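See structure below.
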Amino acid sequence: MDYQLNETHELIRQTFKAFVDDKVRPQAEAIDVNKEFPYELFKEVGQLGFFGMRYPESAGGSGLDVMSYCLAVVELARGSMSLAAACSMQSLMATYFLHRFGCEEIKKEYFAKALTGEKIGTICMTEPNAGSDLMNITTMAKVTEEGFIISGQKIWITSATVADFMTVLARTDNHEALSIFFVPAHFEGVQIGKSIDKLGVRGSVTSEVSFDNVRIPKQYLLGNIGEGTKCLFEILAEIRIMTAALAYGVGLAAYEEALEYAKTRVQFGKPIGKFQAISIKFADMAVKLETTKQMLYHAANLCDRGLPRQKEAAIVKLYASECANSICDEASRVMASYGYATEYPMQRYLRDARFTLIGGGTNEILKINIAKELGL
């Protein structure tokens with residue numbers, strides 16, 4: 001099915017495309033090389049309303065649909081995966097539970113300011129021994145008369161070094177299931193550990209975080225005790241669809257870069273794109289991109305219609321990420337030595353694409369989940 005974009009969708013796409021071409025792409029290399037959080041661009045993305053796109057106007061957002069959100073994510077990823085990853089964290093995982101369960105204090109002081117980019121948030125799930133197996137989380141939230149005392153260690157936390165607040169998955173001492181807690185980053189006992197130097201997405205800073213007897217009040221419990229996993233499942237499909245949009249964006253960037261090169265690089269008296277061996281590569285890449293786009297639009301459409309989409313979200317994330325890595329590889333081969341040189345962005349696309357194989361659930365886990373959705 002060909003999903004036609006409406007006027008609002010086209011406006012969103014064109015707005016973010018222009019922003020990416022004018023502001024992001026010229027700075028993308030520096031973001032990667034410097035391995036620093038792109039503060040100024042992050043704030044500009046906030047000014048464009050990206051962080052509030054998914055939230056209703058009554059909450060300070062713009063009440064747009066998932067399709068609009070995905071179109072913006074694709075463009076951001078086309079420009080810089082580092083910026084796109086940081087912004088996607090802010091717009092979804094870091095703020096969803098504040099909007100859903102936050103008290104008035106949290107919404108006024110943190111959620112509202114997060115929508116404009118004034119405050120930065122993150123989510124703390126992964127631990128040294130708990131990645132795909134979230135039920136192996138050992139971070140504890142001891143129940144007290146005043147609230148909770150959180151202790152534990154997290155790893156692979158996006159934006160931790162710049163975060164103003166965190167949503168933390170932990171288990172309480174009176175319940176085996178996980179719960180979600182709001183923790184301001186400046187609270188005593190919150191310690192940011194070493195930064196993790198990554199192969200790609202290097203401007204999306206990632207660190208270890210530890211909680212050493214961090215005391216929080218009762219109202220900082222987000223939702224009910226023991227319902228953390230259930231609440232996370234509410235946005236799991238969106239997380240995977242968003243990751244697919246990231247993959248599509250970086251794949252599209254690599255494809256466009258290589259296509260322009262193939263049209264202008266002359267060997268043996270003609271542009272290399274005129275040689276069948278090269279043109280076939282672009283045909284294969286175009287098929288993968290078009291298929292990814294249609295699958296992405298389909299999954300976003302299911303979200304917007306409130307229909308079941310767990311299987312479709314897993315499928316599109318799996319497919320899009322594999323295609324993105326394949327496209328970046330083929331595009332790099334087209335550019336040969338230039339695709340290997342740090343002077344050109346192709347090597348960055350190739351490195352950044354690897355992130356999408358992991359984010360939103362590893363593809364190996366997704367295959368198991370898809371099989372379960374099939375009743376196996």
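Going through the structure tokens in order, the chains are called A, B, and so on, while each chain numbers its residues from 1 and the ligands are numbered from 1 in the order shown.
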
For range 173-176 of chain A, find every residue with an atom within 12 Å (counting only C-alpha atoms), except residues of its own chain fewer than 6 positions away, and show them as a ChimeraX atom specification. /A:135-144,148-151,224-229

All residues 9 Å or closer to range 99-107 of chain A, only C-alpha atoms, same chain fewer than 2 positions away omitted, as a list in words: Tyr55, Ala59, Thr95, Tyr96, Phe97, Glu109, Tyr110, Phe111, Ala112, Lys113, Phe182, Gln219, Tyr220, Leu221, Leu222 and Gly223 of chain A

Would you output that residue set with N, CA and C atoms, as a PDB file, in the first residue's frame?
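Writing done, so here's result.pdb:
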```pdb
ATOM      1  N   TYR A  55       2.989  14.729  21.970  1.00  0.00           N
ATOM      2  CA  TYR A  55       2.155  15.019  23.134  1.00  0.00           C
ATOM      3  C   TYR A  55       1.024  15.981  22.777  1.00  0.00           C
ATOM      4  N   ALA A  59      -0.902  19.409  27.004  1.00  0.00           N
ATOM      5  CA  ALA A  59       0.308  19.144  27.789  1.00  0.00           C
ATOM      6  C   ALA A  59       1.485  19.998  27.326  1.00  0.00           C
ATOM      7  N   THR A  95      10.729  11.312  28.301  1.00  0.00           N
ATOM      8  CA  THR A  95       9.622  12.176  28.723  1.00  0.00           C
ATOM      9  C   THR A  95       8.266  11.489  28.812  1.00  0.00           C
ATOM     10  N   TYR A  96       8.115  10.327  28.220  1.00  0.00           N
ATOM     11  CA  TYR A  96       6.804   9.683  28.165  1.00  0.00           C
ATOM     12  C   TYR A  96       6.222   9.436  29.552  1.00  0.00           C
ATOM     13  N   PHE A  97       7.023   8.895  30.449  1.00  0.00           N
ATOM     14  CA  PHE A  97       6.513   8.527  31.765  1.00  0.00           C
ATOM     15  C   PHE A  97       6.255   9.757  32.635  1.00  0.00           C
ATOM     16  N   GLU A 109       8.174  21.655  36.364  1.00  0.00           N
ATOM     17  CA  GLU A 109       9.596  21.967  36.484  1.00  0.00           C
ATOM     18  C   GLU A 109      10.459  21.209  35.474  1.00  0.00           C
ATOM     19  N   TYR A 110      10.013  20.027  35.049  1.00  0.00           N
ATOM     20  CA  TYR A 110      10.859  19.208  34.174  1.00  0.00           C
ATOM     21  C   TYR A 110      10.224  18.899  32.819  1.00  0.00           C
ATOM     22  N   PHE A 111       9.007  18.350  32.823  1.00  0.00           N
ATOM     23  CA  PHE A 111       8.403  17.940  31.556  1.00  0.00           C
ATOM     24  C   PHE A 111       8.209  19.132  30.614  1.00  0.00           C
ATOM     25  N   ALA A 112       7.639  20.203  31.105  1.00  0.00           N
ATOM     26  CA  ALA A 112       7.381  21.375  30.257  1.00  0.00           C
ATOM     27  C   ALA A 112       8.670  21.930  29.671  1.00  0.00           C
ATOM     28  N   LYS A 113       9.714  21.955  30.486  1.00  0.00           N
ATOM     29  CA  LYS A 113      10.994  22.491  30.015  1.00  0.00           C
ATOM     30  C   LYS A 113      11.721  21.498  29.102  1.00  0.00           C
ATOM     31  N   PHE A 182      11.252   8.681  39.002  1.00  0.00           N
ATOM     32  CA  PHE A 182      11.805   9.931  38.501  1.00  0.00           C
ATOM     33  C   PHE A 182      12.925  10.369  39.441  1.00  0.00           C
ATOM     34  N   GLN A 219       6.094  10.877  45.641  1.00  0.00           N
ATOM     35  CA  GLN A 219       5.477  11.307  44.393  1.00  0.00           C
ATOM     36  C   GLN A 219       6.380  11.142  43.176  1.00  0.00           C
ATOM     37  N   TYR A 220       7.617  10.714  43.404  1.00  0.00           N
ATOM     38  CA  TYR A 220       8.531  10.476  42.283  1.00  0.00           C
ATOM     39  C   TYR A 220       8.430   9.049  41.740  1.00  0.00           C
ATOM     40  N   LEU A 221       7.559   8.252  42.325  1.00  0.00           N
ATOM     41  CA  LEU A 221       7.204   6.968  41.717  1.00  0.00           C
ATOM     42  C   LEU A 221       6.315   7.273  40.524  1.00  0.00           C
ATOM     43  N   LEU A 222       6.685   6.793  39.340  1.00  0.00           N
ATOM     44  CA  LEU A 222       5.907   7.049  38.129  1.00  0.00           C
ATOM     45  C   LEU A 222       5.034   5.832  37.833  1.00  0.00           C
ATOM     46  N   GLY A 223       3.746   5.981  38.090  1.00  0.00           N
ATOM     47  CA  GLY A 223       2.840   4.838  37.955  1.00  0.00           C
ATOM     48  C   GLY A 223       2.768   4.076  39.254  1.00  0.00           C
TER      49      GLY A 223
END
```

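Nearest residue to Glu127 in chain A, choosing from A:Ile272, A:Glu57, A:Ser207, A:Ala114 and counting only C-alpha atoms: A:Ser207.
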
Report the residues of range 35-257 of chain A whose backbone DSSP state falls under alpha helix (DSSP H), written as an MDAnalysis selection string. chainID A and resid 39:47 66:79 81:91 96:101 104:106 112:116 228:257

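Note that CA of Leu246 in chain A and CA of Leu41 in chain A are 17.3 Å apart.
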
Would you please extract all strand (DSSP E or B) residues from range 19-261 of chain A, as assigned by DSSP on the backbone, and give them as a tab-separated table (two decimals) with N, CA and C atoms, in the first residue's frame?
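Output file out-v9.tsv is given in full below:
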```
chain	number	residue	atom	x	y	z
A	121	GLY	N	16.68	15.00	29.41
A	121	GLY	CA	16.36	13.79	30.17
A	121	GLY	C	16.90	12.53	29.54
A	122	THR	N	16.82	11.45	30.29
A	122	THR	CA	17.23	10.14	29.78
A	122	THR	C	16.47	9.06	30.53
A	123	ILE	N	16.61	7.83	30.09
A	123	ILE	CA	16.02	6.69	30.78
A	123	ILE	C	17.13	5.71	31.15
A	124	CYS	N	17.07	5.18	32.36
A	124	CYS	CA	18.10	4.27	32.87
A	124	CYS	C	17.51	2.87	33.01
A	127	GLU	N	21.71	-2.58	32.62
A	127	GLU	CA	22.71	-2.79	33.67
A	127	GLU	C	23.79	-3.72	33.15
A	130	ALA	N	22.07	-6.92	32.77
A	130	ALA	CA	20.67	-6.86	32.35
A	130	ALA	C	20.52	-5.95	31.14
A	140	MET	N	17.78	-1.49	43.19
A	140	MET	CA	16.71	-1.60	44.18
A	140	MET	C	16.21	-0.23	44.61
A	141	ALA	N	14.92	-0.16	44.88
A	141	ALA	CA	14.30	1.04	45.45
A	141	ALA	C	13.66	0.62	46.77
A	142	LYS	N	14.37	0.88	47.84
A	142	LYS	CA	13.87	0.50	49.17
A	142	LYS	C	12.74	1.44	49.58
A	143	VAL	N	11.64	0.85	50.01
A	143	VAL	CA	10.47	1.63	50.42
A	143	VAL	C	10.67	2.17	51.83
A	147	GLY	N	9.45	7.88	51.21
A	147	GLY	CA	9.49	7.62	49.77
A	147	GLY	C	10.31	6.38	49.44
A	148	PHE	N	11.45	6.58	48.76
A	148	PHE	CA	12.26	5.46	48.33
A	148	PHE	C	13.74	5.81	48.42
A	149	ILE	N	14.57	4.77	48.58
A	149	ILE	CA	16.02	4.93	48.54
A	149	ILE	C	16.52	4.01	47.42
A	150	ILE	N	17.10	4.61	46.38
A	150	ILE	CA	17.51	3.86	45.19
A	150	ILE	C	19.00	3.60	45.21
A	151	SER	N	19.36	2.33	44.96
A	151	SER	CA	20.76	1.94	44.89
A	151	SER	C	20.95	0.96	43.74
A	152	GLY	N	22.02	1.17	42.96
A	152	GLY	CA	22.29	0.27	41.85
A	152	GLY	C	23.16	0.92	40.80
A	153	GLN	N	23.46	0.16	39.76
A	153	GLN	CA	24.33	0.64	38.70
A	153	GLN	C	23.68	0.43	37.34
A	154	LYS	N	23.78	1.44	36.49
A	154	LYS	CA	23.27	1.37	35.13
A	154	LYS	C	24.41	1.61	34.15
A	155	ILE	N	24.24	1.13	32.93
A	155	ILE	CA	25.27	1.30	31.90
A	155	ILE	C	24.60	1.56	30.56
A	156	TRP	N	25.37	2.12	29.63
A	156	TRP	CA	24.86	2.47	28.30
A	156	TRP	C	23.70	3.46	28.38
A	157	ILE	N	23.88	4.50	29.21
A	157	ILE	CA	22.82	5.48	29.41
A	157	ILE	C	23.07	6.70	28.50
A	158	THR	N	22.17	6.89	27.56
A	158	THR	CA	22.27	7.98	26.60
A	158	THR	C	22.06	9.33	27.29
A	165	PHE	N	17.49	15.17	34.36
A	165	PHE	CA	16.62	14.22	35.07
A	165	PHE	C	16.70	12.85	34.40
A	166	MET	N	16.30	11.84	35.18
A	166	MET	CA	16.35	10.46	34.71
A	166	MET	C	15.08	9.73	35.10
A	167	THR	N	14.64	8.81	34.25
A	167	THR	CA	13.61	7.86	34.64
A	167	THR	C	14.33	6.53	34.81
A	168	VAL	N	14.13	5.94	35.97
A	168	VAL	CA	14.94	4.78	36.37
A	168	VAL	C	14.07	3.55	36.60
A	169	LEU	N	14.45	2.44	35.98
A	169	LEU	CA	13.78	1.17	36.23
A	169	LEU	C	14.49	0.46	37.38
A	170	ALA	N	13.71	0.09	38.38
A	170	ALA	CA	14.25	-0.60	39.55
A	170	ALA	C	13.18	-1.50	40.13
A	171	ARG	N	13.59	-2.38	41.02
A	171	ARG	CA	12.63	-3.24	41.70
A	171	ARG	C	12.58	-2.83	43.18
A	172	THR	N	11.41	-2.86	43.75
A	172	THR	CA	11.26	-2.51	45.16
A	172	THR	C	11.46	-3.75	46.03
A	178	LEU	N	9.23	-4.81	38.16
A	178	LEU	CA	9.92	-3.54	38.07
A	178	LEU	C	8.98	-2.35	38.24
A	179	SER	N	9.54	-1.25	38.72
A	179	SER	CA	8.82	0.00	38.84
A	179	SER	C	9.65	1.10	38.20
A	180	ILE	N	9.00	2.25	37.94
A	180	ILE	CA	9.68	3.36	37.29
A	180	ILE	C	9.71	4.55	38.24
A	181	PHE	N	10.88	5.20	38.34
A	181	PHE	CA	11.06	6.31	39.26
A	181	PHE	C	11.65	7.51	38.54
A	182	PHE	N	11.25	8.68	39.00
A	182	PHE	CA	11.81	9.93	38.50
A	182	PHE	C	12.92	10.37	39.44
A	183	VAL	N	14.10	10.64	38.86
A	183	VAL	CA	15.25	11.02	39.68
A	183	VAL	C	15.95	12.24	39.06
A	184	PRO	N	15.89	13.40	39.71
A	184	PRO	CA	16.66	14.55	39.24
A	184	PRO	C	18.15	14.23	39.30
A	190	VAL	N	23.53	10.44	43.10
A	190	VAL	CA	23.55	10.17	41.66
A	190	VAL	C	24.96	10.45	41.16
A	191	GLN	N	25.60	9.44	40.63
A	191	GLN	CA	26.98	9.57	40.20
A	191	GLN	C	27.12	9.15	38.73
A	192	ILE	N	27.66	10.04	37.92
A	192	ILE	CA	27.90	9.74	36.52
A	192	ILE	C	29.27	9.09	36.39
A	193	GLY	N	29.31	7.89	35.86
A	193	GLY	CA	30.56	7.16	35.72
A	193	GLY	C	31.27	7.50	34.43
A	194	LYS	N	32.14	6.60	34.01
A	194	LYS	CA	32.95	6.87	32.82
A	194	LYS	C	32.09	6.91	31.56
A	195	SER	N	32.50	7.77	30.64
A	195	SER	CA	31.85	7.82	29.34
A	195	SER	C	32.32	6.64	28.50
A	206	THR	N	27.29	8.70	25.92
A	206	THR	CA	26.78	7.52	26.61
A	206	THR	C	27.69	7.21	27.79
A	207	SER	N	27.08	6.92	28.95
A	207	SER	CA	27.88	6.75	30.16
A	207	SER	C	27.31	5.71	31.11
A	208	GLU	N	28.10	5.40	32.13
A	208	GLU	CA	27.63	4.62	33.24
A	208	GLU	C	27.00	5.57	34.27
A	209	VAL	N	26.03	5.08	35.00
A	209	VAL	CA	25.40	5.86	36.07
A	209	VAL	C	25.20	4.95	37.27
A	210	SER	N	25.52	5.45	38.45
A	210	SER	CA	25.28	4.69	39.67
A	210	SER	C	24.43	5.50	40.64
A	211	PHE	N	23.65	4.79	41.43
A	211	PHE	CA	22.78	5.41	42.42
A	211	PHE	C	23.18	4.88	43.79
A	212	ASP	N	23.72	5.76	44.60
A	212	ASP	CA	24.23	5.38	45.91
A	212	ASP	C	23.30	5.93	47.00
A	213	ASN	N	22.31	5.11	47.37
A	213	ASN	CA	21.33	5.50	48.40
A	213	ASN	C	20.68	6.85	48.09
A	214	VAL	N	20.15	6.96	46.88
A	214	VAL	CA	19.50	8.20	46.44
A	214	VAL	C	18.08	8.25	47.01
A	215	ARG	N	17.81	9.26	47.81
A	215	ARG	CA	16.50	9.40	48.44
A	215	ARG	C	15.58	10.25	47.57
A	216	ILE	N	14.40	9.71	47.26
A	216	ILE	CA	13.42	10.45	46.48
A	216	ILE	C	12.06	10.39	47.20
A	217	PRO	N	11.22	11.39	47.04
A	217	PRO	CA	9.91	11.40	47.70
A	217	PRO	C	8.93	10.43	47.02
A	221	LEU	N	7.56	8.25	42.32
A	221	LEU	CA	7.20	6.97	41.72
A	221	LEU	C	6.32	7.27	40.52
A	222	LEU	N	6.69	6.79	39.34
A	222	LEU	CA	5.91	7.05	38.13
A	222	LEU	C	5.03	5.83	37.83
```

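CA of Ala299 in chain A is found 15.3 Å from CA of Glu373 in chain A.
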
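Distances to Lys23 in chain A were evaluated for A:Gly79, A:Arg202, A:Ala253, A:Tyr340 using only C-alpha atoms, and the minimum falls at A:Gly79.
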